[in-house]
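Trainee: Got a structure here, written out as structure tokens. Questions coming.
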Amino acid sequence: MAVSGGPDSTVLLHVTHGLREELGFELHVAHFDHRWRDQSAEDAEFVRTMAAQLEIPATIESAQAKEVAGYRGAGMEDAARRARYGFLEKTRLRLGSRFIAVAHNLQDQGETLLLRLFRGTGTAGAGAMRPVSGPLIRPLLGISRESILDYCARCGVSYCTDETNSEAIADRNRLRLNVMPELRRIWPGV
């Protein structure tokens with residue numbers, strides 16, 4: 001399971017940990033530190049500690065600075081995504097795991113759809129993310145970010161906050177911070 005330490009993946013870890021015996025599956029935490037932010041090592045340690053407290057094995061790796069050096073904006077995001085998913089797949093294969101659970105939620109789905117439409121996708125891309133795509137599974141895809149944060153508050157689940165998510169430095173952030181609030185103002189149910 002991919003765990004960044006943010007609210008989405010932390011909730012997914014806590015919920016699946018509670019269901020693992022009942023549903024008969026094993027968990028393994030995988031965390032990839034891109035080393036972009038000063039506190040990214042703290043996020044990695046948070047994930048390592050949380051996995052240890054839940055008695056779940058963890059694989060934690062970090063990027064070499066040269067892997068993302070020279071990238072800006074969307075290029076940097078794409079390089080990070082490729083490095084992260086490469087690490088997750090390598091970890092899955094090493095462990096002999098069938099799936100990689102990622103914590104994309106309903107807002108991520110909407111953002112992905114809009115980004116693909118704005119970039120000129122065809123009908124296949126207009127489907128956005130699928131709940132199951134090869135070894136990737138997205139159990140939270142139909143859950144709102146608000147519900148995830150509410151779960152954290154009600155259940156006392158701690159998580160890390162990536163301050164770069166509040167900076168309009170990449171396409172997804174600009175969409176999340178600038179476009180989506182305006183769309184919600186015009187169409188509250190969007």
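Chain lettering (A, B, ...) mirrors the order of the structure tokens, residue numbering begins at 1 for each chain separately, and ligand numbering begins at 1 in order of display.
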Would you please give, as a list in words, all residues of stretch 16-122 of chain A that DSSP assigns to strand (DSSP E or B) based on the backbone?

Mentor: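 Those in stretch 16-122 of chain A that DSSP calls strand (DSSP E or B) are Val29, Ala30, His31, Phe32, Asp33, Ala58, Thr59, Ile60, Glu61, Ser62, Ile100 and Ala101 of chain A.
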
Trainee: Let's have the selection written as a PDB file, in the first residue's frame, with C-alpha atoms.

Mentor:
ATOM      1  CA  VAL A  29       3.532  -0.075   3.556  1.00  0.00           C
ATOM      2  CA  ALA A  30       5.514   1.532   0.750  1.00  0.00           C
ATOM      3  CA  HIS A  31       6.655   5.160   1.091  1.00  0.00           C
ATOM      4  CA  PHE A  32       8.681   7.123  -1.441  1.00  0.00           C
ATOM      5  CA  ASP A  33      10.432  10.302  -0.285  1.00  0.00           C
ATOM      6  CA  ALA A  58       7.382  -1.057   5.503  1.00  0.00           C
ATOM      7  CA  THR A  59       9.648  -0.283   2.599  1.00  0.00           C
ATOM      8  CA  ILE A  60      10.813   3.316   2.508  1.00  0.00           C
ATOM      9  CA  GLU A  61      13.037   4.720  -0.206  1.00  0.00           C
ATOM     10  CA  SER A  62      13.977   8.178  -1.400  1.00  0.00           C
ATOM     11  CA  ILE A 100      -0.811  -1.738  -4.925  1.00  0.00           C
ATOM     12  CA  ALA A 101      -3.461   0.228  -3.049  1.00  0.00           C
TER      13      ALA A 101
END

Trainee: Which residues are near A:Leu27? Cut-off 8 Å, only C-alpha atoms, ignore same chain within fewer than 4 positions. Put them as a VMD selection string.

Mentor: chain A and resid 1 17 20 56 to 57

Trainee: Using only C-alpha atoms, determine which residues lie at most 10 Å from A:Arg81, disregarding the query and same-chain residues fewer than 6 positions distant; provide the list as a count of residues only.

Mentor: 3

Trainee: So how far away is atom CA of A:Gly120 from atom CA of A:Asp78, in Å?

Mentor: 17.4 Å

Trainee: Of the residues A:Glu21, A:Asp171, A:Glu26, A:Glu182, which is the one nearest to A:Thr112, using only C-alpha atoms?

Mentor: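 Answer, going by the shortest atom-to-atom distance: A:Asp171.
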
Trainee: Might you pull out every residue within 10 Å of A:Ser147, with only C-alpha atoms counted and same-chain residues fewer than 5 positions away left off, and present them as a list of chain:residue names?

Mentor: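 My list of contacting residues is A:Asp8, A:Asn105, A:Cys152, A:Ala153.
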
Trainee: For the residues in that selection, give me all heavy atoms as a short mmCIF file (atom, residue, chain, number, x, y, z; two decimals), in the first residue's frame.

Mentor:
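Writing the result to again-v1.cif gives the following:
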data_model
loop_
_atom_site.label_atom_id
_atom_site.label_comp_id
_atom_site.auth_asym_id
_atom_site.auth_seq_id
_atom_site.Cartn_x
_atom_site.Cartn_y
_atom_site.Cartn_z
N ASP A 8 -5.29 11.12 3.18
CA ASP A 8 -5.93 10.09 2.36
C ASP A 8 -5.28 8.72 2.58
O ASP A 8 -5.96 7.74 2.90
CB ASP A 8 -5.85 10.46 0.87
CG ASP A 8 -6.44 11.83 0.58
OD1 ASP A 8 -7.30 12.30 1.35
OD2 ASP A 8 -6.02 12.44 -0.41
N ASN A 105 -8.92 9.91 -4.13
CA ASN A 105 -10.30 10.10 -3.66
C ASN A 105 -11.15 10.76 -4.75
O ASN A 105 -10.70 10.97 -5.87
CB ASN A 105 -10.31 10.90 -2.35
CG ASN A 105 -9.76 12.29 -2.53
OD1 ASN A 105 -10.16 13.04 -3.42
ND2 ASN A 105 -8.83 12.68 -1.67
N CYS A 152 -10.60 11.45 10.03
CA CYS A 152 -9.39 11.76 10.82
C CYS A 152 -9.77 12.47 12.12
O CYS A 152 -9.26 12.12 13.19
CB CYS A 152 -8.44 12.65 10.02
SG CYS A 152 -7.64 11.81 8.63
N ALA A 153 -10.65 13.44 12.03
CA ALA A 153 -11.05 14.21 13.21
C ALA A 153 -11.82 13.33 14.20
O ALA A 153 -11.54 13.36 15.41
CB ALA A 153 -11.91 15.41 12.79
#

Trainee: Between A:Arg176, A:His28, A:Arg35, A:Arg130, which is the closest to A:Arg98 once you count only C-alpha atoms?

Mentor: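 Closest residue, counting only C-alpha atoms: A:His28.
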
Trainee: Using only C-alpha atoms, find the one residue out of A:Leu19, A:Thr121, A:Glu111, A:Val102 that sits nearest to A:Leu177.

Mentor: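 Looking only at the distances to A:Leu177, the closest residue turns out to be A:Glu111.
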
Trainee: Of the candidates A:Asp150, A:Gly96, A:Met76, A:Gly142, which shows the shortest atom-to-atom distance to A:Ala170, using only C-alpha atoms?

Mentor: A:Met76
